Every structure is written in C-alpha cells, then in structure tokens.
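Data first, discussion second: the structure below is written as structure tokens.
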Amino acid sequence: MGGKVELKPGTRWASQVCDTEVVVVRAAGQAVSLECGGQPMVAVGEPPAPGLELDPAFSGGSLIGKRFTEPDLGLELLVTKAGAGNLAVDGAALALKDAKPLPSSD
Amino acid sequence: MHLTSLLEIAAEALGDRVAVGPQGDGALTYEGLLQQAQASGRSLQQRQAQRLVAVDINSEAVPIGLFAAASAGIPYVPVNYRLADAQLRAILERAAPAVAVVDPSIPTRFPDGIPELAMTSREEFLGADGPAPAEAGDADLDEPAVLLFTSGTTGEPKAAVLRHRHLTSYVLETVEFLGADEADAALVSVPPYHIAGIAAVLSSVWSGRRLVYLPQFTPEAWVDLAATEAITHAMVVPTMLGRILQVLEERGEKLPALQHLSYGGGRMPVAVVEQALELLPHVGLVNAYGLTETSSTVAVLGPDDHREAVGSAEPHVRLRLGSVGRPLPSLEVEVRGPAGEVLAPGDRGEIWVRGEQVSGEYLGRGPTLTADGWLATNDGGWLDSEGYLFVEGRLDDVIVRGGENLSPGEIEDVLVAHPAVADAAVFGLPDDEWGESVAAVIVLVEGQQAGADVLIEWVSQRLRSTRAPQRVEFRVELPYSETGKLLRRVLKAELSSPLPQA
C-alpha cells in the first residue's frame with residue numbers, strides 16, 4: 001500500500017482504480033495518504049498496480065471541475081478528470097468545496 | 001502545475017470546442033491548439049532553442065508560442081516591437097540565444113541581425129514541426145515559463161522571471177476550471193508583453209473561453225470586433241476604456257453580448273468608471289490590480305462592489321469606486337510603514353504582497369522577496385476598515401514637500417473632479433526652500449477654460465493648502481505608456497527647471 005506523501009501545489013495525481021485525476025491547488029500541512037476509490041493515488045503517468053479494485057464504500061464518483069478540501073490540513077484538490085471513485089485522505093472522504101467563483105479579471 | 005499540463009487537461013476536457021480565433025472557419029479547437037503547440041514545440045527542440053522570443057503584433061501565434069515554448073521546456077519572451085531601435089536591440093541581445101518570431105519590420109530594422117538570435121516569420125514558425133524527442137523531458141514546475149521585460153527607460157534591460165508554478169498557481173486559485181459557457185469569448189487587446197496578455201491566455205484556456213485577438217488597438221476596431229464576435233469578456237487598460245466609451249456613445253452601440261469588462265494596469269479616473277456604468281448597465285465591471293512580478297491580479301473590485309459603491313449614500317462606500325477592491329483569498333496584502341511596521345486601516349504606506357503566485361525575481365539578479373516570502377511592491381496605498389485596497393501609484397512618484405509626503409494621485413483626483421479638467425498629472429519639482437514643490441500639468445475639457453489660480457484655489461479648498469500646486473501648466477495631452485501608465489517622470493524631466501521668480 002502506498003505510504004504518505006507530500007502533496008505539493010500543482011502536482012497531479014491519478015486513481016489506480018478509476019479514471020479520476022486531480023491537481024493539488026493548496027498543499028496539506030503534512031504528508032498524507034491520498035486515496036481515490038479506496039486505494040492510494042499515484043502520480044499522473046505512473047502505471048496502476050495490478051489487482052486493485054474500487055472499494056464500494058468510496059464509489060460515489062468524482063465530478064470534473066469540482067474542488068475538494070480537508071480544511072484541517074489546508075488541503076485543496078481540483079478534479080481534472082472524472083471517475084467512479086471518490087476522494088479521501090487517510091481513509092476519510094474529502095468534503096466538496098462550495099466556492100463562489102471570483103469575478104474574471106483577465 | 002506546468003503550462004503544458006494546463007493545456008493538456010483543458011484539451012482533454014474540451015476537445016473540439018473553439019479555443020482561439022474568430023467565429024467560423026479557421027478557428028483553432030482545444031485539441032488543435034494542443035497539436036499545434038506540440039508541433040511548434042518539437043521544432044523548437046530540434047533547433048535547440050534556448051528561449052522563444054516574440055517581437056510581433058497580437059495574434060493566435062501568442063497562445064501557440066506560449067504553449068510551444070512550455071512544451072519545449074524553454075521560456076517564452078514576448079517583447080514590445082514598438083520600442084526604439086536602441087532599446088529593442090538591448091533587450092534582444094539580453095534575450096539571446098533564442099529563436100525569435102518577428103514581425104516583417106524587424107529584419108529590416110536590424111539588417112545585420114542580432115548575435116545568436118535566429119529570426120523567423122510567424123508563418124514559418126507556425127508551419128514548422130520536428131521529430132518527437134527521444135525522451136520526454138521532466139515537466140519541472142520550477143523552470144521559468146515566461147520572461148517579461150519591464151518598461152524602464154534607463155540602464156540595463158530588466159526581465160521579470162515567472163516560473164510555471166507562479167503562473168499556474170494564479171490560475172488554479174482564481175479561475176474556475178471549465179467555468180465558461182461555450183458561447184463565451186474573450187477579446188484580447190492588451191499586448192503579449194504585458195502580464196495581462198499572458199494571464200488572458202491562461203485564464204481563458206483553463207475556463208474554456210474562446211480567445212479573440214485584436215492585432216493592434218484602436219477604439220473603433222475594438223468596438224467592431226466586440227460586436228461582430230459577440231464578445232462576452234474583455235480586459236482593457238485605462239487609456240483604452242475612455243476611448244472605447246467615446247466610440248460607444250457616438251455610435252449608440254450597446255454591445256449586448258458583453259458581460260464582463262475588466263480594467264487595470266494603471267490608475268482609472270472615477271469619472272470614466274461612472275461613465276462605463278452608465279453606458280454599459282448590463283456589464284459587470286471589474287477593476288484588477290496586479291504587477292508583472294505577482295503573475296497578474298492581486299486585488300479585485302467586482303461587479304457587485306461597483307454597483308454598491310456607485311449607489312451608496314455613504315461617502316466611505318462611494319469612495320470604493322476608486323479602490324482596487326479586496327485582495328484575492330489566496331494572497332496576503334499588508335500596508336507597511338518605512339520601518340516595515342504593519343499599518344492600521346486608513347494609514348498610507350507601501351503595499352506588500354505574499355502568496356504562491358508572487359515571483360519578485362529578475363533575470364540574472366537575486367530574489368527580491370524577503371526570507372518569509374513578502375514582496376515590496378513600491379506602490380503606495382492604504383486599506384480601508386473593510387479591507388478595500390486603495391493604490392496611489394509608485395512610491396517613486398511621492399512628493400516630499402517640507403517633510404510632508406504628498407500623494408500625486410490624491411491631488412490628481414481632486415483636479416480631475418473640476419468640470420473644466422479632462423486629465424491631470426501631478427509631480428514634484430526640485431525646490432530650494434521645500435525640497436520639492438507641487439507641479440500640475442492639466443488637459444482641459446474641449447471648449448472649457450480654467451486658469452491656474454482657479455485650479456490652485458480648487459485644490460486648496462478641498463485638500464490642505466500644502467497640497468495645492470505651485471506651478472500649473474496646460475497641455476493638449478499627457479504622456480502615457482502603451483499599457484496605460486501615466487508617465488509623470490517624463491513631465492517631471494521636462495519641467496525640472498527652477499520656478500520662475502515672481
């Protein structure tokens with residue numbers, strides 16, 4: 001099983017058990033285990049480990065364009081590719097961020 | 001995130017949506033933009049280019065060049081082709097070794113070339129491809145993505161370094177991924193060598209908004225293109241907005257598709273903002289304050305702020321129409337005094353910024369950020385009790401008269417409020433008695449008259465008498481930089497002769 005990793009802003013992570021991909025918007029204050037579909041996520045481009053399966057307890061799905069947070073850690077993720085699994089950190093599902101978009105200044 | 005990831009992710013989600021170009025034939029889809037950027041990137045790698053310089057007018061080659069350079073792992077360096085030969089040569093020599101996409105006028109202006117600068121036409125650049133590199137390079141977020149030369153007039157050219165992580169942090173924090181409707185279109189008239197021109201590309205691509213380029217700005221061409229392309233979003237600098245409003249008023253054009261008009265890059269007279277609100281009541285106005293060194297926007301005054309301010313009976317709320325709004329949630333902004341102490345709301349000092357998007361770095365020079373990541377902006381200003389930021393211009397422009405610090409912007413605002421005054425520039429001139437004295441250069445409204453004594457009295461009554469100009473000159477126009485900054489230093493140099501003795 002994957003260990004805990006530092007999630008630096010701008011780094012991209014992929015699910016091993018579904019199509020979900022995310023980018024880190026804000027770093028967590030500490031190393032964490034980032035999971036999707038109940039399994040650890042890997043850096044985008046790395047092949048998934050064989051034999052892993054989507055955990056039904058984490059199969060709510062991730063919608064593209066949604067932001068998820070772990071407020072205590074300061075972590076914020078953006079879903080860049082939708083998938084069947086949902087996101088969690090250290091086994092706890094992440095909360096959907098209800099963000100009002102900023103007015104466009106460009 | 002790397003700029004290549006930004007485009008790849010958008011292309012995967014948006015595929016055949018139009019990314020760049022006018023409606024109809026010839027437009028580039030997201031997938032097309034990605035393919036074109038990768039092909040041009042391969043060609044740059046084959047040529048072993050170390051930088052991609054662009055000395056060209058605004059066109060679809062800007063987003064292609066930006067992402068092609070990222071794809072090749074080299075910085076994109078847009079340069080102002082309108083600069084005088086000597087100045088442009090100094091910048092190009094500093095930017096070399098590089099491949100340069102150039103306007104046809106450039107080889108003619110430099111017939112002997114520039115050492116280690118391989119000039120290529122836009123058509124050649126867009127048509128070139130190269131073999132796939134043996135192995136994909138690491139997308140290093142810490143590599144420079146863009147170098148922007150600042151508009152200094154003296155000394156060695158100075159280039160701000162913006163790394164991938166700075167630019168994409170700004171985009172991730174401020175732009176809603178896929179937030180645009182399919183019909184949304186952004187009109188880009190700010191030049192690519194202005195940070196707003198770079199931010200427009202990144203924000204539009206990430207939100208899924210079509211980019212439409214105006215090659216060279218005239219207010220008539222801007223209004224024509226905004227109307228025919230059903231433009232929904234646009235960003236302009238202050239000098240552009242006043243002229244655009246004049247054309248809209250003359251033609252009775254309402255631009256019904258326009259939803260968002262943002263302005264920034266310099267001080268905007270409140271009267272122009274009020275006129276924009278009146279002529280374009282359906283449009284959300286956005287005032288943005290930012291610096292090259294902060295990867296664009298730092299603070300935003302949004303559409304609701306504008307409406308609330310203009311409709312308010314409370315003077316302190318109304319005043320906010322002249323503010324740049326509140327800092328982005330992803331940034332920290334402080335106003336500090338000369339000893340570095342954080343000042344209370346209402347107190348004037350220097351604006352400091354900290355955040356992931358803040359670079360504060362120049363090519364070949366050490367970092368200018370403090371050890372804990374703060375950038376001193378060299379802009380003077382203050383925060384009100386609810387966190388609205390008021391910017392009063394470069395601290396270099398502050399007038400020190402008899403030990404008192406005077407803000408030119410404050411005095412200019414009062415002068416422009418006079419019905420006969422169309423525009424005003426205030427600056428300090430050397431003075432034996434006071435250190436500096438206050439001088440004003442005035443542009444009168446056509447057909448109106450106001451003498452120097454009337455304007456001096458006008459300022460004395462509204463501000464303290466120490467802030468009234470001692471010298472008033474009249475001109476038909478004021479010098480502005482191409483990106484809308486009032487060039488007080490030009491007037492200051494012209495008028496730096498001793499006051500005539502009465």
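Ligands are numbered from 1 in the order shown, residues from 1 within each chain, and chains are lettered A, B, ... in the order they appear in the structure tokens.
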Identify all chain A residues at most 9 Å from chain B by counting only C-alpha atoms; ligands do not count. Present them as a ChimeraX atom specification.
-> /A:9-12,23-26,64-66,78,80-81,101-106
Would you mind listing what lies within 12 Å of Gln35 (chain B) as an MDAnalysis selection string, with only C-alpha atoms counted and same-chain residues fewer than 2 positions away left out?
-> chainID B and resid 4 7:8 11:12 15 28:33 37:42 64 67:68 71 126 129
Could you take the residues named above and write them with N, CA and C atoms, as a JSON list (two decimals), in the first residue's frame?
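What ended up in part03.json:
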[["chain", "number", "residue", "atom", "x", "y", "z"],
["B", 4, "THR", "N", 2.15, 23.08, -19.81],
["B", 4, "THR", "CA", 1.74, 22.01, -20.74],
["B", 4, "THR", "C", 0.58, 21.21, -20.14],
["B", 7, "LEU", "N", -2.78, 23.07, -20.57],
["B", 7, "LEU", "CA", -3.39, 22.93, -21.89],
["B", 7, "LEU", "C", -3.87, 21.50, -22.13],
["B", 8, "GLU", "N", -3.07, 20.51, -21.73],
["B", 8, "GLU", "CA", -3.45, 19.10, -21.94],
["B", 8, "GLU", "C", -4.76, 18.78, -21.23],
["B", 11, "ALA", "N", -7.59, 20.48, -23.02],
["B", 11, "ALA", "CA", -7.85, 19.86, -24.32],
["B", 11, "ALA", "C", -8.57, 18.53, -24.14],
["B", 12, "GLU", "N", -8.20, 17.79, -23.11],
["B", 12, "GLU", "CA", -8.85, 16.50, -22.88],
["B", 12, "GLU", "C", -10.32, 16.69, -22.52],
["B", 15, "GLY", "N", -11.75, 19.23, -25.97],
["B", 15, "GLY", "CA", -11.61, 18.65, -27.30],
["B", 15, "GLY", "C", -11.89, 19.59, -28.45],
["B", 28, "LEU", "N", -9.20, 27.62, -34.15],
["B", 28, "LEU", "CA", -8.41, 26.51, -33.61],
["B", 28, "LEU", "C", -9.18, 25.92, -32.42],
["B", 29, "THR", "N", -9.41, 24.62, -32.45],
["B", 29, "THR", "CA", -10.07, 23.98, -31.30],
["B", 29, "THR", "C", -9.04, 23.76, -30.19],
["B", 30, "TYR", "N", -9.50, 23.31, -29.03],
["B", 30, "TYR", "CA", -8.57, 23.00, -27.94],
["B", 30, "TYR", "C", -7.61, 21.90, -28.36],
["B", 31, "GLU", "N", -8.14, 20.86, -29.01],
["B", 31, "GLU", "CA", -7.28, 19.78, -29.49],
["B", 31, "GLU", "C", -6.31, 20.33, -30.54],
["B", 32, "GLY", "N", -6.81, 21.21, -31.41],
["B", 32, "GLY", "CA", -5.97, 21.80, -32.44],
["B", 32, "GLY", "C", -4.87, 22.66, -31.85],
["B", 33, "LEU", "N", -5.20, 23.44, -30.82],
["B", 33, "LEU", "CA", -4.20, 24.27, -30.14],
["B", 33, "LEU", "C", -3.11, 23.40, -29.52],
["B", 37, "ALA", "N", 0.71, 23.49, -30.72],
["B", 37, "ALA", "CA", 1.73, 23.87, -29.74],
["B", 37, "ALA", "C", 2.79, 22.77, -29.63],
["B", 38, "GLN", "N", 2.34, 21.51, -29.68],
["B", 38, "GLN", "CA", 3.30, 20.41, -29.57],
["B", 38, "GLN", "C", 4.19, 20.34, -30.82],
["B", 39, "ALA", "N", 3.60, 20.57, -32.01],
["B", 39, "ALA", "CA", 4.40, 20.55, -33.24],
["B", 39, "ALA", "C", 5.44, 21.67, -33.22],
["B", 40, "SER", "N", 4.98, 22.89, -32.87],
["B", 40, "SER", "CA", 5.93, 24.01, -32.81],
["B", 40, "SER", "C", 6.97, 23.77, -31.72],
["B", 41, "GLY", "N", 6.56, 23.14, -30.65],
["B", 41, "GLY", "CA", 7.49, 22.80, -29.56],
["B", 41, "GLY", "C", 8.56, 21.83, -30.03],
["B", 42, "ARG", "N", 8.15, 20.83, -30.82],
["B", 42, "ARG", "CA", 9.13, 19.86, -31.36],
["B", 42, "ARG", "C", 10.13, 20.56, -32.27],
["B", 64, "ILE", "N", -0.13, 30.01, -29.07],
["B", 64, "ILE", "CA", 0.63, 28.89, -29.63],
["B", 64, "ILE", "C", 2.09, 28.98, -29.19],
["B", 67, "PHE", "N", 2.54, 28.14, -25.36],
["B", 67, "PHE", "CA", 2.46, 26.71, -25.03],
["B", 67, "PHE", "C", 3.53, 25.89, -25.77],
["B", 68, "ALA", "N", 3.96, 26.35, -26.96],
["B", 68, "ALA", "CA", 5.03, 25.65, -27.67],
["B", 68, "ALA", "C", 6.33, 25.75, -26.88],
["B", 71, "SER", "N", 6.12, 23.49, -24.00],
["B", 71, "SER", "CA", 6.25, 22.11, -24.44],
["B", 71, "SER", "C", 7.71, 21.75, -24.73],
["B", 126, "LEU", "N", 4.73, 28.89, -37.44],
["B", 126, "LEU", "CA", 3.51, 28.12, -37.29],
["B", 126, "LEU", "C", 3.51, 26.89, -38.19],
["B", 129, "ASP", "N", 7.53, 21.84, -37.90],
["B", 129, "ASP", "CA", 7.36, 20.71, -36.98],
["B", 129, "ASP", "C", 8.73, 20.09, -36.82]]
Just asking: which residues within chain A are strand (DSSP E or B) according to DSSP, as a ChimeraX atom specification?
-> /A:5,12-14,21-26,32,34-36,39-40,42-43,62,67-70,75-81,83,87-89,92-93,95-96
Write a file of the just-selected residues containing N, CA and C atoms, as an mmCIF file, in the first residue's frame.
data_model
loop_
_atom_site.group_PDB
_atom_site.id
_atom_site.type_symbol
_atom_site.label_atom_id
_atom_site.label_comp_id
_atom_site.auth_asym_id
_atom_site.auth_seq_id
_atom_site.Cartn_x
_atom_site.Cartn_y
_atom_site.Cartn_z
ATOM 1 N N VAL A 5 2.538 10.857 1.402
ATOM 2 C CA VAL A 5 3.346 11.711 0.526
ATOM 3 C C VAL A 5 3.035 13.188 0.779
ATOM 4 N N ARG A 12 0.097 16.532 -9.899
ATOM 5 C CA ARG A 12 -1.087 15.848 -10.433
ATOM 6 C C ARG A 12 -1.084 14.386 -10.005
ATOM 7 N N TRP A 13 -2.270 13.883 -9.638
ATOM 8 C CA TRP A 13 -2.398 12.530 -9.107
ATOM 9 C C TRP A 13 -3.536 11.812 -9.816
ATOM 10 N N ALA A 14 -3.358 10.500 -10.002
ATOM 11 C CA ALA A 14 -4.355 9.691 -10.718
ATOM 12 C C ALA A 14 -4.796 8.517 -9.848
ATOM 13 N N GLU A 21 -8.628 11.995 -12.064
ATOM 14 C CA GLU A 21 -7.340 12.680 -11.921
ATOM 15 C C GLU A 21 -7.569 14.003 -11.195
ATOM 16 N N VAL A 22 -6.587 14.401 -10.388
ATOM 17 C CA VAL A 22 -6.712 15.651 -9.644
ATOM 18 C C VAL A 22 -5.422 16.443 -9.753
ATOM 19 N N VAL A 23 -5.529 17.759 -9.460
ATOM 20 C CA VAL A 23 -4.334 18.585 -9.296
ATOM 21 C C VAL A 23 -4.436 19.224 -7.916
ATOM 22 N N VAL A 24 -3.286 19.357 -7.255
ATOM 23 C CA VAL A 24 -3.269 19.943 -5.914
ATOM 24 C C VAL A 24 -3.293 21.467 -6.054
ATOM 25 N N VAL A 25 -4.328 22.116 -5.505
ATOM 26 C CA VAL A 25 -4.409 23.573 -5.525
ATOM 27 C C VAL A 25 -3.672 24.142 -4.315
ATOM 28 N N ARG A 26 -3.960 23.583 -3.146
ATOM 29 C CA ARG A 26 -3.254 24.007 -1.928
ATOM 30 C C ARG A 26 -2.701 22.792 -1.214
ATOM 31 N N VAL A 32 0.418 13.015 3.689
ATOM 32 C CA VAL A 32 -0.839 12.290 3.868
ATOM 33 C C VAL A 32 -0.906 11.142 2.863
ATOM 34 N N LEU A 34 -3.148 9.990 0.010
ATOM 35 C CA LEU A 34 -4.245 10.469 -0.840
ATOM 36 C C LEU A 34 -4.851 9.271 -1.554
ATOM 37 N N GLU A 35 -6.153 9.129 -1.444
ATOM 38 C CA GLU A 35 -6.812 7.935 -1.985
ATOM 39 C C GLU A 35 -7.979 8.300 -2.879
ATOM 40 N N CYS A 36 -8.277 7.380 -3.810
ATOM 41 C CA CYS A 36 -9.480 7.510 -4.629
ATOM 42 C C CYS A 36 -10.046 6.108 -4.827
ATOM 43 N N GLN A 39 -8.356 3.374 -2.752
ATOM 44 C CA GLN A 39 -6.967 2.932 -2.997
ATOM 45 C C GLN A 39 -6.063 4.154 -3.159
ATOM 46 N N PRO A 40 -4.789 4.011 -2.808
ATOM 47 C CA PRO A 40 -3.878 5.168 -2.917
ATOM 48 C C PRO A 40 -3.799 5.685 -4.352
ATOM 49 N N VAL A 42 -1.662 7.597 -7.461
ATOM 50 C CA VAL A 42 -0.265 7.652 -7.899
ATOM 51 C C VAL A 42 -0.064 8.894 -8.764
ATOM 52 N N ALA A 43 1.196 9.278 -8.944
ATOM 53 C CA ALA A 43 1.489 10.431 -9.803
ATOM 54 C C ALA A 43 0.968 10.153 -11.208
ATOM 55 N N SER A 62 -16.316 11.127 -8.778
ATOM 56 C CA SER A 62 -15.716 12.475 -8.707
ATOM 57 C C SER A 62 -16.083 13.226 -9.975
ATOM 58 N N ARG A 67 -14.036 21.089 -6.610
ATOM 59 C CA ARG A 67 -12.924 21.223 -5.664
ATOM 60 C C ARG A 67 -13.259 20.470 -4.387
ATOM 61 N N PHE A 68 -12.266 19.797 -3.831
ATOM 62 C CA PHE A 68 -12.450 19.071 -2.579
ATOM 63 C C PHE A 68 -11.417 19.545 -1.571
ATOM 64 N N THR A 69 -11.828 19.602 -0.298
ATOM 65 C CA THR A 69 -10.913 20.116 0.717
ATOM 66 C C THR A 69 -10.869 19.221 1.944
ATOM 67 N N GLU A 70 -9.768 19.375 2.657
ATOM 68 C CA GLU A 70 -9.616 18.855 4.008
ATOM 69 C C GLU A 70 -9.223 20.071 4.824
ATOM 70 N N LEU A 75 -5.618 21.294 2.848
ATOM 71 C CA LEU A 75 -5.516 20.676 1.516
ATOM 72 C C LEU A 75 -6.698 21.057 0.629
ATOM 73 N N GLU A 76 -6.397 21.381 -0.640
ATOM 74 C CA GLU A 76 -7.459 21.598 -1.623
ATOM 75 C C GLU A 76 -7.063 20.939 -2.940
ATOM 76 N N LEU A 77 -7.994 20.146 -3.497
ATOM 77 C CA LEU A 77 -7.760 19.444 -4.760
ATOM 78 C C LEU A 77 -8.805 19.865 -5.771
ATOM 79 N N LEU A 78 -8.426 19.815 -7.049
ATOM 80 C CA LEU A 78 -9.371 20.068 -8.137
ATOM 81 C C LEU A 78 -9.428 18.817 -9.010
ATOM 82 N N VAL A 79 -10.636 18.368 -9.303
ATOM 83 C CA VAL A 79 -10.792 17.196 -10.165
ATOM 84 C C VAL A 79 -10.639 17.642 -11.621
ATOM 85 N N THR A 80 -9.609 17.088 -12.306
ATOM 86 C CA THR A 80 -9.362 17.468 -13.703
ATOM 87 C C THR A 80 -9.868 16.398 -14.660
ATOM 88 N N LYS A 81 -10.224 15.231 -14.125
ATOM 89 C CA LYS A 81 -10.795 14.168 -14.952
ATOM 90 C C LYS A 81 -11.744 13.370 -14.065
ATOM 91 N N GLY A 83 -14.202 10.402 -12.570
ATOM 92 C CA GLY A 83 -14.047 8.964 -12.389
ATOM 93 C C GLY A 83 -15.078 8.425 -11.412
ATOM 94 N N LEU A 87 -12.830 10.781 -3.495
ATOM 95 C CA LEU A 87 -11.530 11.137 -2.936
ATOM 96 C C LEU A 87 -11.522 11.058 -1.422
ATOM 97 N N ALA A 88 -10.383 10.647 -0.875
ATOM 98 C CA ALA A 88 -10.240 10.560 0.570
ATOM 99 C C ALA A 88 -8.792 10.825 0.949
ATOM 100 N N VAL A 89 -8.601 11.224 2.196
ATOM 101 C CA VAL A 89 -7.264 11.376 2.749
ATOM 102 C C VAL A 89 -7.200 10.553 4.032
ATOM 103 N N ALA A 92 -10.471 9.046 5.179
ATOM 104 C CA ALA A 92 -11.653 9.892 5.421
ATOM 105 C C ALA A 92 -12.016 10.636 4.136
ATOM 106 N N ALA A 93 -13.273 10.511 3.707
ATOM 107 C CA ALA A 93 -13.713 11.144 2.466
ATOM 108 C C ALA A 93 -13.555 12.659 2.557
ATOM 109 N N ALA A 95 -14.415 16.659 1.650
ATOM 110 C CA ALA A 95 -15.650 17.434 1.512
ATOM 111 C C ALA A 95 -15.604 18.254 0.230
ATOM 112 N N LEU A 96 -16.763 18.344 -0.436
ATOM 113 C CA LEU A 96 -16.888 19.185 -1.625
ATOM 114 C C LEU A 96 -16.816 20.642 -1.187
#
Those in region 248-377 of chain B with helix (DSSP H, G or I) from DSSP, as a ChimeraX atom specification = /B:248-251,270-279,292-294,303-310,315-322
Just the residues within 12 Å of Pro157 (chain B), please, counting only C-alpha atoms, with nothing from its chain fewer than 2 positions along; format it as an MDAnalysis selection string.
-> chainID B and resid 79 86:95 147:155 159:160 362:365
Near-Ile244 (chain B) list (8 Å; only C-alpha atoms; drop same-chain fewer than 2 positions) as a list of chain:residue names |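 Near neighbours after the sequence-gap exclusion: B:Pro219, B:Glu220, B:Trp222, B:Val223, B:Met240, B:Leu241, B:Gly242, B:Gln246, B:Val247, B:Leu248.
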With N, CA and C atoms kept, could you save the residues just selected as an mmCIF file, in the first residue's frame?
data_model
loop_
_atom_site.group_PDB
_atom_site.id
_atom_site.type_symbol
_atom_site.label_atom_id
_atom_site.label_comp_id
_atom_site.auth_asym_id
_atom_site.auth_seq_id
_atom_site.Cartn_x
_atom_site.Cartn_y
_atom_site.Cartn_z
ATOM 1 N N PRO B 219 -9.823 52.248 -30.795
ATOM 2 C CA PRO B 219 -11.134 52.068 -30.140
ATOM 3 C C PRO B 219 -12.202 51.624 -31.132
ATOM 4 N N GLU B 220 -12.113 52.096 -32.385
ATOM 5 C CA GLU B 220 -13.107 51.710 -33.396
ATOM 6 C C GLU B 220 -12.998 50.214 -33.701
ATOM 7 N N TRP B 222 -11.756 47.920 -31.840
ATOM 8 C CA TRP B 222 -12.139 47.155 -30.647
ATOM 9 C C TRP B 222 -13.657 46.992 -30.609
ATOM 10 N N VAL B 223 -14.368 48.082 -30.821
ATOM 11 C CA VAL B 223 -15.841 48.044 -30.764
ATOM 12 C C VAL B 223 -16.385 47.175 -31.907
ATOM 13 N N MET B 240 -7.410 52.881 -22.838
ATOM 14 C CA MET B 240 -8.289 52.255 -23.829
ATOM 15 C C MET B 240 -9.756 52.498 -23.475
ATOM 16 N N LEU B 241 -10.093 52.345 -22.195
ATOM 17 C CA LEU B 241 -11.510 52.387 -21.808
ATOM 18 C C LEU B 241 -12.158 53.721 -22.147
ATOM 19 N N GLY B 242 -11.480 54.815 -21.811
ATOM 20 C CA GLY B 242 -12.052 56.128 -22.094
ATOM 21 C C GLY B 242 -12.364 56.297 -23.579
ATOM 22 N N GLN B 246 -16.096 56.520 -25.653
ATOM 23 C CA GLN B 246 -16.404 57.612 -26.575
ATOM 24 C C GLN B 246 -17.006 57.070 -27.879
ATOM 25 N N VAL B 247 -16.423 55.998 -28.405
ATOM 26 C CA VAL B 247 -16.939 55.389 -29.642
ATOM 27 C C VAL B 247 -18.333 54.796 -29.403
ATOM 28 N N LEU B 248 -18.509 54.126 -28.264
ATOM 29 C CA LEU B 248 -19.817 53.537 -27.955
ATOM 30 C C LEU B 248 -20.891 54.614 -27.909
#
Using only C-alpha atoms, determine which residues lie at most 8 Å from Glu182 (chain B), disregarding the query and same-chain residues fewer than 3 positions distant; provide the list as a list in words.
->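 Answer for this query is Arg17, Gly208 and Arg209 of chain B.
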Keeping only N, CA and C atoms, write the selected residues as a PDB file, in the first residue's frame.
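Ended up saving to result.pdb:
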ATOM      1  N   ARG B  17     -14.096  22.063 -28.753  1.00  0.00           N
ATOM      2  CA  ARG B  17     -14.564  23.439 -28.540  1.00  0.00           C
ATOM      3  C   ARG B  17     -13.528  24.405 -29.131  1.00  0.00           C
ATOM      4  N   GLY B 208     -12.153  27.581 -20.499  1.00  0.00           N
ATOM      5  CA  GLY B 208     -12.842  27.116 -21.702  1.00  0.00           C
ATOM      6  C   GLY B 208     -13.443  28.241 -22.521  1.00  0.00           C
ATOM      7  N   ARG B 209     -12.846  29.415 -22.432  1.00  0.00           N
ATOM      8  CA  ARG B 209     -13.366  30.595 -23.125  1.00  0.00           C
ATOM      9  C   ARG B 209     -12.572  30.834 -24.409  1.00  0.00           C
TER      10      ARG B 209
END
For region 309-319 of chain B: contacts at 10 Å, only C-alpha atoms, fewer than 3 positions along chain excluded, given as a ChimeraX atom specification | /B:270,273-274,277,303-306,322-323,384-386,388,390
Could the residues in this selection be saved with N, CA and C atoms as a PDB file, in the first residue's frame?
ATOM      1  N   VAL B 270     -12.185  58.049 -11.761  1.00  0.00           N
ATOM      2  CA  VAL B 270     -13.509  57.614 -11.313  1.00  0.00           C
ATOM      3  C   VAL B 270     -14.590  58.055 -12.302  1.00  0.00           C
ATOM      4  N   VAL B 273     -15.075  55.457 -14.902  1.00  0.00           N
ATOM      5  CA  VAL B 273     -15.781  54.285 -14.363  1.00  0.00           C
ATOM      6  C   VAL B 273     -17.280  54.577 -14.292  1.00  0.00           C
ATOM      7  N   GLU B 274     -17.627  55.776 -13.832  1.00  0.00           N
ATOM      8  CA  GLU B 274     -19.048  56.151 -13.738  1.00  0.00           C
ATOM      9  C   GLU B 274     -19.694  56.184 -15.120  1.00  0.00           C
ATOM     10  N   LEU B 277     -20.336  52.608 -16.228  1.00  0.00           N
ATOM     11  CA  LEU B 277     -21.516  52.049 -15.553  1.00  0.00           C
ATOM     12  C   LEU B 277     -22.802  52.549 -16.210  1.00  0.00           C
ATOM     13  N   PRO B 303     -18.098  43.290  -9.890  1.00  0.00           N
ATOM     14  CA  PRO B 303     -19.305  43.989 -10.365  1.00  0.00           C
ATOM     15  C   PRO B 303     -20.223  44.435  -9.219  1.00  0.00           C
ATOM     16  N   ASP B 304     -20.414  43.591  -8.216  1.00  0.00           N
ATOM     17  CA  ASP B 304     -21.291  43.972  -7.094  1.00  0.00           C
ATOM     18  C   ASP B 304     -20.705  45.142  -6.307  1.00  0.00           C
ATOM     19  N   ASP B 305     -19.375  45.119  -6.136  1.00  0.00           N
ATOM     20  CA  ASP B 305     -18.707  46.233  -5.443  1.00  0.00           C
ATOM     21  C   ASP B 305     -18.944  47.549  -6.193  1.00  0.00           C
ATOM     22  N   HIS B 306     -18.852  47.484  -7.524  1.00  0.00           N
ATOM     23  CA  HIS B 306     -19.058  48.690  -8.337  1.00  0.00           C
ATOM     24  C   HIS B 306     -20.471  49.242  -8.122  1.00  0.00           C
ATOM     25  N   GLY B 322     -13.084  54.098  -6.411  1.00  0.00           N
ATOM     26  CA  GLY B 322     -11.691  54.429  -6.754  1.00  0.00           C
ATOM     27  C   GLY B 322     -10.696  53.462  -6.145  1.00  0.00           C
ATOM     28  N   SER B 323     -11.192  52.374  -5.543  1.00  0.00           N
ATOM     29  CA  SER B 323     -10.280  51.382  -4.954  1.00  0.00           C
ATOM     30  C   SER B 323     -10.046  50.250  -5.947  1.00  0.00           C
ATOM     31  N   ASP B 384      -8.949  50.199   3.638  1.00  0.00           N
ATOM     32  CA  ASP B 384      -9.996  50.754   4.498  1.00  0.00           C
ATOM     33  C   ASP B 384     -10.400  49.714   5.543  1.00  0.00           C
ATOM     34  N   SER B 385     -11.361  50.069   6.394  1.00  0.00           N
ATOM     35  CA  SER B 385     -11.663  49.216   7.547  1.00  0.00           C
ATOM     36  C   SER B 385     -12.262  47.878   7.123  1.00  0.00           C
ATOM     37  N   GLU B 386     -12.771  47.785   5.885  1.00  0.00           N
ATOM     38  CA  GLU B 386     -13.318  46.506   5.433  1.00  0.00           C
ATOM     39  C   GLU B 386     -12.415  45.804   4.433  1.00  0.00           C
ATOM     40  N   TYR B 388     -10.772  47.013   1.723  1.00  0.00           N
ATOM     41  CA  TYR B 388     -10.632  47.503   0.339  1.00  0.00           C
ATOM     42  C   TYR B 388      -9.300  48.227   0.209  1.00  0.00           C
ATOM     43  N   PHE B 390      -6.669  50.730  -1.622  1.00  0.00           N
ATOM     44  CA  PHE B 390      -6.559  51.932  -2.460  1.00  0.00           C
ATOM     45  C   PHE B 390      -5.098  52.088  -2.866  1.00  0.00           C
TER      46      PHE B 390
END
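Here CA of Leu463 (chain B) is placed at a distance of 25.1 Å from CA of Gln275 (chain B).
Among the candidates A:Ser33, A:Gly85, A:Lys4, A:Leu94, the residue lying nearest to Glu53 (chain A) is A:Gly85 (atoms considered: only C-alpha atoms).
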